[in-house]
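A.B. asks: File follows, input_31.txt with compact mmCIF, C-alpha atoms:
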# COMPACT_ATOMS: atom_id res chain seq x y z
CA MET A 1 25.28 45.31 165.53
CA VAL A 2 25.38 42.14 163.47
CA ARG A 3 23.33 42.63 160.35
CA TYR A 4 21.55 39.68 158.89
CA PHE A 5 20.09 39.87 155.42
CA SER A 6 17.88 37.10 154.27
CA LYS A 7 17.82 36.06 150.63
CA ARG A 8 14.48 34.38 150.63
CA GLU A 9 11.26 35.91 149.45
CA LYS A 10 9.01 37.88 151.69
CA GLY A 11 6.05 35.88 152.85
CA VAL A 12 2.46 36.82 152.23
CA ASN A 13 1.01 38.92 155.02
CA SER A 14 -2.52 39.82 155.83
CA SER A 15 -1.85 43.45 156.55
CA ASP A 16 -4.05 45.14 153.97
CA LYS A 17 -6.87 45.64 156.39
CA PHE A 18 -4.60 47.57 158.70
CA VAL A 19 -3.72 50.05 155.99
CA ALA A 20 -7.22 51.35 155.75
CA ASN A 21 -7.65 51.60 159.47
CA ASN A 22 -4.37 53.20 160.36
CA ARG A 23 -3.82 55.92 157.81
CA ALA A 24 -3.01 58.40 160.54
CA LEU A 25 -0.15 56.23 161.69
CA LEU A 26 1.07 55.67 158.17
CA ARG A 27 1.23 59.38 157.58
CA ASP A 28 4.46 59.35 159.59
CA PHE A 29 5.64 55.77 159.30
CA ASP A 30 5.00 55.08 155.64
CA LEU A 31 7.96 53.10 154.27
CA SER A 32 6.68 52.69 150.73
CA GLN A 33 9.30 55.05 149.31
CA ASN A 34 12.24 53.37 151.01
CA LYS A 35 13.05 50.87 148.31
CA SER A 36 16.44 49.90 149.73
CA LEU A 37 15.13 48.94 153.16
CA ARG A 38 16.51 45.58 154.31
CA THR A 39 16.04 45.50 158.06
CA LEU A 40 13.43 46.80 160.45
CA GLU A 41 14.56 46.73 164.06
CA ILE A 42 12.42 46.88 167.19
CA THR A 43 13.53 46.50 170.77
CA GLY A 44 11.91 43.77 172.83
CA GLY A 45 11.38 46.21 175.68
CA SER A 46 9.33 48.59 173.55
CA ILE A 47 7.09 45.77 172.37
CA TYR A 48 6.07 45.00 175.93
CA ALA A 49 5.97 48.65 176.96
CA ALA A 50 3.41 49.22 174.21
CA GLU A 51 1.01 47.09 176.22
CA GLY A 52 -0.51 44.99 173.52
CA THR A 53 -0.61 47.55 170.74
CA ALA A 54 2.78 46.56 169.35
CA PRO A 55 1.43 43.93 166.94
CA ASP A 56 -0.99 46.40 165.31
CA PHE A 57 1.61 49.15 165.26
CA LEU A 58 4.19 46.96 163.63
CA MET A 59 1.77 45.36 161.23
CA THR A 60 0.70 48.79 160.08
CA VAL A 61 4.26 49.95 159.53
CA LEU A 62 5.24 46.72 157.83
CA SER A 63 2.21 46.85 155.59
CA SER A 64 3.70 49.92 153.93
CA VAL A 65 7.00 48.22 153.10
CA ALA A 66 7.44 48.14 149.34
CA SER A 67 11.08 47.20 149.15
CA PRO A 68 11.69 44.76 146.29
CA ALA A 69 14.24 42.88 148.38
CA PRO A 70 13.24 40.79 151.39
CA VAL A 71 13.05 42.65 154.67
CA ASP A 72 14.12 41.13 157.95
CA VAL A 73 12.47 42.08 161.20
CA VAL A 74 15.00 42.08 164.01
CA ILE A 75 13.78 42.13 167.60
CA ILE A 76 16.56 43.27 169.87
CA TYR A 77 16.62 42.07 173.43
CA GLU A 78 18.96 43.94 175.72
CA ASP A 79 20.50 43.13 179.07
CA PHE A 80 17.53 44.19 181.12
CA ASP A 81 15.30 41.82 179.18
CA PHE A 82 17.21 38.99 180.75
CA ASP A 83 18.40 40.09 184.15
CA ALA A 84 15.17 40.18 186.11
CA LEU A 85 16.42 37.19 188.02
CA SER A 86 19.14 39.31 189.54
CA LEU A 87 16.57 41.71 190.95
CA ASP A 88 14.77 41.45 194.20
CA TYR A 89 11.40 39.95 193.39
CA SER A 90 9.64 42.66 195.37
CA SER A 91 11.09 45.28 193.03
CA TYR A 92 10.25 43.37 189.89
CA TYR A 93 6.97 45.14 189.40
CA GLU A 94 8.69 48.50 189.55
CA LEU A 95 10.52 47.40 186.46
CA SER A 96 7.57 45.64 184.94
CA VAL A 97 8.77 46.14 181.40
CA CYS A 98 11.83 44.07 182.19
CA PHE A 99 10.42 40.98 180.68
CA CYS A 100 12.27 37.82 181.52
CA TYR A 101 12.11 34.70 179.37
CA SER A 102 13.43 32.26 181.87
CA SER A 103 11.67 29.20 183.11
CA GLU A 104 12.46 30.49 186.58
CA MET A 105 10.25 33.50 185.97
CA ARG A 106 7.60 31.22 184.61
CA LYS A 107 7.55 29.47 187.97
CA ARG A 108 7.51 32.71 189.88
CA ASP A 109 4.75 34.42 187.96
CA PRO A 110 3.04 32.11 185.45
CA VAL A 111 0.28 34.62 184.67
CA LEU A 112 2.69 37.38 183.69
CA TYR A 113 4.81 34.92 181.77
CA GLN A 114 1.79 33.72 179.83
CA GLN A 115 0.72 37.29 179.05
CA ASN A 116 4.13 38.11 177.64
CA LEU A 117 4.25 34.88 175.71
CA ASP A 118 0.86 35.61 174.17
CA VAL A 119 1.97 39.05 173.03
CA SER A 120 5.12 37.59 171.53
CA LEU A 121 3.23 34.90 169.70
CA GLU A 122 0.85 37.45 168.26
CA VAL A 123 3.74 39.55 167.02
CA TYR A 124 5.64 36.61 165.63
CA SER A 125 2.78 34.82 164.00
CA THR A 126 1.21 37.78 162.23
CA TRP A 127 4.34 38.92 160.51
CA GLY A 128 5.04 37.59 157.08
CA PHE A 129 8.63 38.68 157.33
CA HIS A 130 11.72 36.78 158.27
CA LEU A 131 12.17 37.18 162.00
CA VAL A 132 15.51 37.54 163.73
CA LEU A 133 15.83 37.54 167.51
CA CYS A 134 18.97 39.36 168.58
CA ALA A 135 20.42 39.25 172.08
CA ASP A 136 22.27 42.55 172.36
CA VAL A 137 23.82 41.85 175.72
CA CYS A 138 27.17 41.93 177.42
CA GLU A 139 29.41 39.01 176.67
CA SER A 140 29.17 37.45 180.10
CA ILE A 141 25.49 36.59 179.68
CA ALA A 142 25.40 36.12 175.91
CA GLU A 143 25.26 32.32 175.99
CA ASP A 144 22.56 32.31 178.63
CA ALA A 145 20.58 34.89 176.70
CA ILE A 146 20.72 32.81 173.54
CA GLN A 147 19.59 29.77 175.47
CA GLU A 148 16.71 31.75 176.99
CA LEU A 149 15.58 32.87 173.55
CA GLU A 150 15.79 29.34 172.19
CA ASP A 151 13.76 28.09 175.13
CA PHE A 152 11.25 30.83 174.55
CA VAL A 153 10.84 29.91 170.88
CA GLU A 154 10.39 26.31 171.92
CA ALA A 155 7.77 27.38 174.45
CA GLY A 156 6.02 29.23 171.64
CA LYS A 157 5.99 26.08 169.55
CA MET A 158 4.55 24.14 172.45
CA GLU A 159 1.79 26.69 172.77
CA GLY A 160 1.05 26.29 169.07
CA GLY A 161 1.53 29.96 168.24
CA LEU A 162 4.59 29.35 166.14
CA SER A 163 3.42 26.12 164.56
CA HIS A 164 1.99 27.84 161.50
CA PHE A 165 4.80 30.37 161.25
CA PRO A 166 6.54 29.42 158.02
CA TYR A 167 10.09 30.21 159.07
CA LYS A 168 11.86 29.47 162.29
CA PRO A 169 13.16 32.69 163.84
CA LEU A 170 16.88 33.12 163.55
CA ILE A 171 18.57 33.75 166.89
CA ILE A 172 21.77 35.76 166.97
CA SER A 173 23.75 37.64 169.56
CA GLU A 174 25.68 40.85 169.58
CA ARG A 175 28.42 40.55 172.15
CA ARG A 176 29.92 43.61 173.64
CA LEU A 177 31.51 44.93 176.77
CA LEU A 178 29.69 45.47 180.00
CA ARG A 179 26.95 48.04 179.94
CA THR A 180 26.43 50.05 183.08
CA GLY A 181 23.36 52.10 182.26
CA ARG A 182 19.82 50.88 182.94
CA HIS A 183 17.27 53.54 182.34
CA ASP A 184 13.81 54.51 181.36
CA TYR A 185 12.04 51.24 181.05
CA ARG A 186 8.76 53.04 180.86
CA HIS A 187 9.26 53.83 177.22
CA GLY A 188 10.77 50.50 176.39
CA TRP A 189 14.11 51.88 175.49
CA SER A 190 17.29 52.64 177.31
CA SER A 191 18.55 56.20 177.38
CA LYS A 192 21.95 54.71 178.14
CA SER A 193 23.07 57.95 179.69
CA ASP A 194 25.65 56.27 181.86
CA ILE A 195 27.33 54.30 179.16
CA ALA A 196 30.87 55.30 178.54
CA PRO A 197 31.20 54.84 174.77
CA ALA A 198 29.85 57.62 172.65
CA SER A 199 28.42 55.01 170.33
CA ALA A 200 26.18 53.80 173.08
CA LEU A 201 25.38 57.12 174.67
CA MET B 202 59.62 40.35 179.48
CA THR B 203 56.34 38.42 179.35
CA CYS B 204 54.58 41.07 181.39
CA TYR B 205 55.89 43.78 179.10
CA SER B 206 54.62 41.92 176.04
CA TRP B 207 51.22 41.51 177.62
CA TYR B 208 51.21 45.19 178.50
CA ILE B 209 52.07 46.24 174.96
CA ALA B 210 49.33 43.99 173.60
CA ALA B 211 46.72 45.17 176.07
CA VAL B 212 47.40 48.87 176.34
CA PRO B 213 45.54 49.97 173.17
CA HIS B 214 42.45 48.14 174.39
CA LEU B 215 42.73 49.42 177.93
CA HIS B 216 42.83 53.01 176.78
CA HIS B 217 40.44 52.70 173.86
CA SER B 218 37.65 54.60 175.65
CA LEU B 219 37.89 57.54 177.99
CA THR B 220 35.07 59.23 179.89
CA ILE B 221 35.65 62.52 181.62
CA ASP B 222 33.08 64.52 183.54
CA ASP B 223 32.79 67.96 184.98
CA ASN B 224 34.70 66.83 188.05
CA ASP B 225 37.68 66.10 185.84
CA ILE B 226 37.32 69.50 184.28
CA LEU B 227 37.05 71.25 187.61
CA PHE B 228 39.95 69.31 189.04
CA ASP B 229 41.96 70.10 185.96
CA ALA B 230 43.30 73.25 187.57
CA THR B 231 44.94 71.15 190.23
CA GLY B 232 46.11 68.45 187.87
CA TYR B 233 44.11 65.47 189.17
CA GLY B 234 41.75 63.14 187.35
CA SER B 235 41.97 60.35 184.79
CA PHE B 236 42.17 62.73 181.85
CA GLN B 237 45.15 64.52 183.28
CA GLU B 238 46.83 61.26 184.23
CA SER B 239 46.35 59.87 180.74
CA TYR B 240 47.86 63.02 179.30
CA ARG B 241 50.79 62.94 181.67
CA LEU B 242 51.54 59.32 180.74
CA GLY B 243 51.23 60.03 177.02
CA LEU B 244 48.27 57.69 176.60
CA LEU B 245 45.80 60.06 174.96
CA PRO B 246 46.81 59.13 171.37
CA LEU B 247 45.53 55.63 172.15
CA VAL B 248 42.05 56.92 172.93
CA LYS B 249 39.55 56.26 170.13
CA ARG B 250 36.42 57.13 172.03
CA LEU B 251 35.85 60.13 174.30
CA ARG B 252 32.81 61.13 176.22
CA ILE B 253 32.55 64.40 178.10
CA ARG B 254 29.83 63.80 180.64
CA GLN B 255 27.88 66.08 182.92
CA ARG B 256 27.03 64.47 186.19
CA GLY B 257 28.55 66.38 189.06
CA TYR B 258 28.51 69.96 190.17
CA LEU B 259 27.73 71.49 186.77
CA SER B 260 24.82 69.15 186.28
CA GLU B 261 23.37 70.14 189.64
CA ILE B 262 23.46 73.83 188.89
CA GLY B 263 22.02 73.24 185.43
CA THR B 264 24.95 74.69 183.56
CA GLY B 265 26.04 73.16 180.31
CA LEU B 266 29.54 72.75 178.99
CA THR B 267 30.89 76.21 178.24
CA PRO B 268 34.33 77.54 177.33
CA GLY B 269 34.55 79.00 180.81
CA ARG B 270 34.46 75.49 182.24
CA LEU B 271 37.40 74.36 180.18
CA CYS B 272 40.69 75.91 181.09
CA ARG B 273 43.43 76.50 178.55
CA ARG B 274 45.29 73.44 179.76
CA THR B 275 42.27 71.26 178.98
CA PHE B 276 42.11 72.55 175.41
CA HIS B 277 45.79 71.81 175.03
CA ARG B 278 45.26 68.27 176.30
CA LEU B 279 42.31 67.66 173.99
CA SER B 280 44.63 68.25 171.06
CA ALA B 281 46.63 65.21 172.20
CA LEU B 282 43.67 62.99 171.21
CA THR B 283 45.09 62.53 167.74
CA ASN B 284 43.28 59.29 166.89
CA LEU B 285 39.83 60.04 168.23
CA ARG B 286 37.05 58.42 166.20
CA GLU B 287 34.04 58.79 168.49
CA LEU B 288 33.12 61.86 170.49
CA GLY B 289 30.17 62.26 172.86
CA ILE B 290 29.42 65.50 174.70
CA ASP B 291 26.65 66.18 177.21
CA ASP B 292 24.96 69.58 177.42
CA LEU B 293 27.28 71.31 175.01
CA GLU B 294 26.42 75.01 174.89
CA VAL B 295 27.41 75.50 171.28
CA SER B 296 26.34 79.13 171.26
CA ARG B 297 28.77 79.94 174.06
CA PHE B 298 31.66 78.49 172.08
CA MET B 299 30.92 80.58 169.01
CA PRO B 300 32.70 81.87 167.03
CA ARG B 301 35.82 80.09 168.27
CA ILE B 302 34.42 76.60 168.43
CA ARG B 303 36.77 75.44 165.70
CA ARG B 304 39.73 76.33 167.85
CA CYS B 305 38.34 74.15 170.66
CA PHE B 306 37.23 71.05 168.78
CA GLY B 307 38.81 71.40 165.33
CA CYS B 308 41.67 69.17 166.44
CA PHE B 309 39.35 66.17 165.98
CA SER B 310 38.54 67.04 162.36
CA PRO B 311 40.81 64.58 160.55
CA THR B 312 39.79 61.46 162.47
CA LEU B 313 36.29 61.83 163.92
CA ARG B 314 33.68 59.45 162.49
CA PHE B 315 30.97 59.36 165.17
CA LEU B 316 29.50 62.34 167.00
CA THR B 317 27.00 62.14 169.84
CA LEU B 318 25.46 65.26 171.34
CA ARG B 319 23.22 64.93 174.37
CA ASP B 320 21.01 67.97 174.89
CA PRO B 321 23.10 70.36 172.78
CA ARG B 322 22.15 74.00 173.18
CA GLY B 323 22.31 76.58 170.44
CA SER B 324 20.60 77.53 167.22
CA CYS B 325 20.23 75.02 164.40
CA ARG B 326 22.86 76.80 162.35
CA GLN B 327 25.30 76.78 165.23
CA ILE B 328 24.86 73.05 165.76
CA LEU B 329 25.15 72.49 162.03
CA TYR B 330 28.35 74.53 162.02
CA PHE B 331 29.69 72.32 164.80
CA ILE B 332 28.81 69.16 162.84
CA GLY B 333 30.49 70.66 159.80
CA LEU B 334 33.78 70.85 161.69
CA PHE B 335 34.24 67.14 161.06
CA PRO B 336 34.59 66.41 157.33
CA ASN B 337 34.80 62.64 157.79
CA LEU B 338 31.78 62.22 160.02
CA GLN B 339 29.68 59.15 159.24
CA ASP B 340 27.41 58.65 162.26
CA LEU B 341 25.42 61.29 164.11
CA LYS B 342 23.43 60.97 167.31
CA LEU B 343 21.34 63.79 168.76
CA HIS B 344 19.83 62.83 172.06
CA TYR B 345 17.38 65.14 173.78
CA ILE B 346 15.94 64.30 177.17
CA ARG B 347 12.52 65.76 176.52
CA LEU B 348 10.51 67.25 173.70
CA THR B 349 11.20 70.98 173.56
CA ASP B 350 10.87 73.78 171.04
CA GLU B 351 13.89 76.03 170.93
CA GLN B 352 13.96 79.61 169.77
CA GLU B 353 15.98 80.19 166.64
CA SER B 354 18.26 83.14 166.17
CA THR B 355 18.05 85.03 162.87
CA VAL B 356 21.59 86.28 163.48
CA ASP B 357 22.96 82.83 162.69
CA ALA B 358 21.12 82.44 159.39
CA THR B 359 24.29 83.26 157.47
CA LEU B 360 26.41 80.75 159.34
CA VAL B 361 27.64 78.15 156.87
CA PRO B 362 29.34 74.88 157.85
CA LEU B 363 33.00 74.58 156.94
CA SER B 364 32.66 71.15 155.33
CA ILE B 365 30.09 68.67 154.10
CA PRO B 366 30.53 65.42 156.03
CA PRO B 367 29.53 62.21 154.22
CA LEU B 368 27.07 61.11 156.97
CA ARG B 369 26.38 57.70 155.44
CA GLY B 370 26.20 55.62 158.61
CA TRP B 371 23.76 55.76 161.53
CA LEU B 372 21.47 58.65 162.38
CA THR B 373 20.03 58.35 165.88
CA LEU B 374 17.50 60.89 167.09
CA THR B 375 15.68 60.90 170.42
CA CYS B 376 12.92 63.33 171.46
CA PHE B 377 13.84 65.42 168.46
CA THR B 378 11.70 68.41 167.52
CA ARG B 379 14.21 70.57 165.65
CA VAL B 380 12.85 70.23 162.16
CA ASN B 381 14.82 73.28 161.06
CA LEU B 382 18.06 71.47 161.77
CA ILE B 383 17.15 68.59 159.48
CA GLU B 384 15.97 70.99 156.80
CA ASP B 385 19.24 72.90 157.06
CA ILE B 386 21.26 69.68 156.84
CA ILE B 387 19.36 68.70 153.70
CA ALA B 388 19.82 72.15 152.18
CA LEU B 389 23.46 72.75 153.10
CA PHE B 390 24.83 69.20 152.98
CA GLY B 391 23.07 68.42 149.71
CA GLY B 392 20.56 65.94 151.11
CA LEU B 393 20.64 63.06 153.54
CA ARG B 394 22.39 59.79 152.78
CA PHE B 395 22.12 57.82 156.01
CA ARG B 396 21.94 54.06 155.58
CA HIS B 397 20.70 53.33 159.08
CA MET B 398 18.34 55.25 161.32
CA ASP B 399 17.21 54.84 164.93
CA LEU B 400 14.30 57.18 165.60
CA PHE B 401 12.35 57.71 168.79
CA ARG B 402 9.87 60.55 169.25
CA VAL B 403 11.00 62.42 166.18
CA LYS B 404 8.82 65.20 164.91
CA CYS B 405 10.08 65.07 161.32
CA MET B 406 9.82 61.32 160.76
CA ARG B 407 8.23 61.72 157.34
CA LEU B 408 10.88 64.21 156.21
CA LEU B 409 13.69 61.87 157.27
CA LEU B 410 12.22 58.80 155.63
CA ASP B 411 11.68 60.67 152.37
CA ALA B 412 15.12 62.28 152.44
CA CYS B 413 16.80 58.89 152.88
CA ALA B 414 14.47 57.04 150.52
CA GLU B 415 17.29 55.91 148.26
CA THR B 416 19.80 54.95 150.91
CA LEU B 417 18.01 53.68 154.01
CA GLU B 418 18.74 50.02 154.72
CA THR B 419 18.04 49.68 158.44
CA LEU B 420 15.34 51.40 160.43
CA ARG B 421 14.86 51.03 164.16
CA LEU B 422 11.43 52.02 165.42
CA TYR B 423 9.65 51.87 168.76
CA PRO B 424 5.99 50.96 169.20
CA THR B 425 6.08 53.27 172.21
CA ASP B 426 6.90 56.25 170.02
CA SER B 427 4.79 59.33 170.67
CA TYR B 428 2.86 58.48 167.55
CA GLY B 429 2.49 55.00 168.93
CA GLU B 430 1.05 56.48 172.11
CA ILE B 431 -1.46 58.46 170.12
CA PHE B 432 -2.21 55.25 168.32
CA LEU B 433 -2.70 53.57 171.65
CA LYS B 434 -5.20 56.15 172.86
CA LYS B 435 -7.13 56.01 169.62
CA ARG B 436 -7.23 52.29 169.79
CA GLU B 437 -8.57 52.35 173.31
CA GLY B 438 -11.17 54.88 172.26
CA GLY B 439 -12.12 52.74 169.30
CA GLU B 440 -11.75 55.56 166.83
CA LEU B 441 -9.07 54.42 164.49
CA LYS B 442 -9.14 56.52 161.37
Would you mind writing the file's structure down as structure tokens?

C.D. replies:
Amino acid sequence: MVRYFSKREKGVNSSDKFVANNRALLRDFDLSQNKSLRTLEITGGSIYAAEGTAPDFLMTVLSSVASPAPVDVVIIYEDFDFDALSLDYSSYYELSVCFCYSSEMRKRDPVLYQQNLDVSLEVYSTWGFHLVLCADVCESIAEDAIQELEDFVEAGKMEGGLSHFPYKPLIISERRLLRTGRHDYRHGWSSKSDIAPASAL
Amino acid sequence: MTCYSWYIAAVPHLHHSLTIDDNDILFDATGYGSFQESYRLGLLPLVKRLRIRQRGYLSEIGTGLTPGRLCRRTFHRLSALTNLRELGIDDLEVSRFMPRIRRCFGCFSPTLRFLTLRDPRGSCRQILYFIGLFPNLQDLKLHYIRLTDEQESTVDATLVPLSIPPLRGWLTLTCFTRVNLIEDIIALFGGLRFRHMDLFRVKCMRLLLDACAETLETLRLYPTDSYGEIFLKKREGGELK
């Protein structure tokens, strides 16, 4: 995984109100003691699998960050976030977490596209942290994935959700060999049980 | 000549990773399978990454990887993996390998940096003993399929790992409820020093975050974590507290 560490200051966030409301959550996810924390990573699939609660969840966790150094928030999009186009449209809803950013999907299902875009904009615009979008995909689709993410950010700007976001998200890619496992979309993560390398098991 | 040069350049990459499953192990007696072929051709020293996977017959009957499934020839061939850096094993029945587990997997001790165990079976001390076989281990991944509470054996309480691995890289835990194992690691390895953690449905989240308070640089979380699901229900019920 490419690690990106920003050197700029952490932006002001409006998370204080969440602290009071979500003490139960913070009992387990309190990061105030982790002074060396530099990067918080979340998978794109889990954001959408959380069905709209991801922004509050992440805001609550991020509100506890007390690291003196700036913290980057990296959203990792994996192969299945991009390959919905390769699926039969009739089976798309069986893999409903497989969010696709393409304009093609926008044409196919504008309502779903708009819902996903709205969730993304809420996540992006409420964070006062430097945002990094990472395409963790196989090399053969890396360029397309980057382009999709750039288009998606542009779409966000058009919608106005990113217009007041102080920093443009950084888009990076992690190229690697072909992944063969596609599992457990329900939880927004891949169990990767069919992947050959132990590192990706 | 050109082909030979290309072959020499490509062969380390071609044989970098090797996956064997229970079919390979079962066929081992007859000498078939990719593992046996790689051994016969002297390619195993090129392998940096090995995964022993359960997906065939043994998986169907619900049996994990036991010494009985590995014949003597397989053990001998494993020792040819002299440069192995990453090892992944599915359904390892650690308890069944005790007390001779070092004889089976100790050959990886000098080089192994990354260990992945998927649904390992055994007491916390037995698993800790297995981890302690690898003094240069940096990354550890324990992947359980579902949340379960395992019975601990008091017999193993005196089992002490043979080394203290540095464990300064990635810790990845999935559906992990074995708090005793983390407590034992902290006690017997002198604390936790992981710099990166990937945690999903981990019962001892607080313990891990506190233990790595000084070293943690990267944390991967999931809004769909079990705590996130509780959060979701509370949010729907409008009783956030």

A.B. asks: When distances are computed from all atoms listed in the file, which of A:Ala66, A:Val153, A:Ala135, A:Ile146 shows the smallest separation from chain B?

C.D. replies: A:Ala66

A.B. asks: Got a sec to check which residues sit within 6 Å of (14.8, 61.5, 169.2), counting all atoms listed in the file, and write them as a list in words?

C.D. replies: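 Output: His344, Leu374, Thr375, Cys376, Phe377, Leu400, Phe401, Arg402 and Val403 of chain B.
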
A.B. asks: Compile the residues of chain B that lie within 9 Å of chain A, evaluated using only C-alpha atoms, and express the compilation as a PyMOL selection string.

C.D. replies: chain B and resi 218-220+250-252+254+287-290+315-319+340+342+344+346+375+396+399+405-408+410-411+413-426+428-433+436+441-442

A.B. asks: Near Lys168 (chain A), within 9 Å and counting all atoms listed in the file, which residues show up once chain neighbours fewer than 5 positions away are dropped, as a PDB file with C-alpha atoms, keeping the file's coordinate frame?

C.D. replies:
ATOM      1  CA  HIS A 130      11.720  36.780 158.270  1.00  0.00           C
ATOM      2  CA  LEU A 131      12.170  37.180 162.000  1.00  0.00           C
ATOM      3  CA  VAL A 132      15.510  37.540 163.730  1.00  0.00           C
ATOM      4  CA  VAL A 153      10.840  29.910 170.880  1.00  0.00           C
ATOM      5  CA  LEU A 162       4.590  29.350 166.140  1.00  0.00           C
TER       6      LEU A 162
END

A.B. asks: Any idea what the distance is between CA of Asp291 (chain B) and CA of Ala211 (chain B)?

C.D. replies: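 Distance reported for this atom pair: 29.1 Å.
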
A.B. asks: Any idea what the distance is between CA of Pro366 (chain B) and CA of Pro336 (chain B)?

C.D. replies: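 Result for CA of Pro366 (chain B) versus CA of Pro336 (chain B): 4.4 Å, one decimal.
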
A.B. asks: Which value, in Å to one decimal, gives the distance between CA of Ile221 (chain B) and CA of Leu372 (chain B)?

C.D. replies: 24.2 Å

A.B. asks: Have a look at A:Thr60, A:Ser173, A:Pro70, A:Glu78 and name the one nearest to Gln147 (chain A); count only C-alpha atoms.

C.D. replies: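 The answer is A:Ser173, which sits nearest to Gln147 (chain A).
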
A.B. asks: Using all atoms listed in the file, which residues sit within 12 Å of Leu360 (chain B) once same-chain residues fewer than 6 positions away are excluded, as a PDB file with C-alpha atoms, in the frame of the given file?

C.D. replies:
ATOM      1  CA  MET B 299      30.920  80.580 169.010  1.00  0.00           C
ATOM      2  CA  PRO B 300      32.700  81.870 167.030  1.00  0.00           C
ATOM      3  CA  SER B 324      20.600  77.530 167.220  1.00  0.00           C
ATOM      4  CA  CYS B 325      20.230  75.020 164.400  1.00  0.00           C
ATOM      5  CA  ARG B 326      22.860  76.800 162.350  1.00  0.00           C
ATOM      6  CA  GLN B 327      25.300  76.780 165.230  1.00  0.00           C
ATOM      7  CA  ILE B 328      24.860  73.050 165.760  1.00  0.00           C
ATOM      8  CA  LEU B 329      25.150  72.490 162.030  1.00  0.00           C
ATOM      9  CA  TYR B 330      28.350  74.530 162.020  1.00  0.00           C
ATOM     10  CA  PHE B 331      29.690  72.320 164.800  1.00  0.00           C
ATOM     11  CA  GLY B 333      30.490  70.660 159.800  1.00  0.00           C
ATOM     12  CA  SER B 354      18.260  83.140 166.170  1.00  0.00           C
ATOM     13  CA  ASP B 385      19.240  72.900 157.060  1.00  0.00           C
ATOM     14  CA  LEU B 389      23.460  72.750 153.100  1.00  0.00           C
TER      15      LEU B 389
END

A.B. asks: Could you check which of B:Tyr205, B:Arg303, B:Ser296, B:His397 is closest to Asp357 (chain B), using only C-alpha atoms?

C.D. replies: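 Of B:Tyr205, B:Arg303, B:Ser296, B:His397, the one nearest Asp357 (chain B), counting only C-alpha atoms, is B:Ser296.
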
A.B. asks: For Ala281 (chain B), which residue out of B:His217, B:Arg241, B:Arg297, B:Arg394 is the nearest one, using only C-alpha atoms?

C.D. replies: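 Result for the nearest residue to Ala281 (chain B): B:Arg241.
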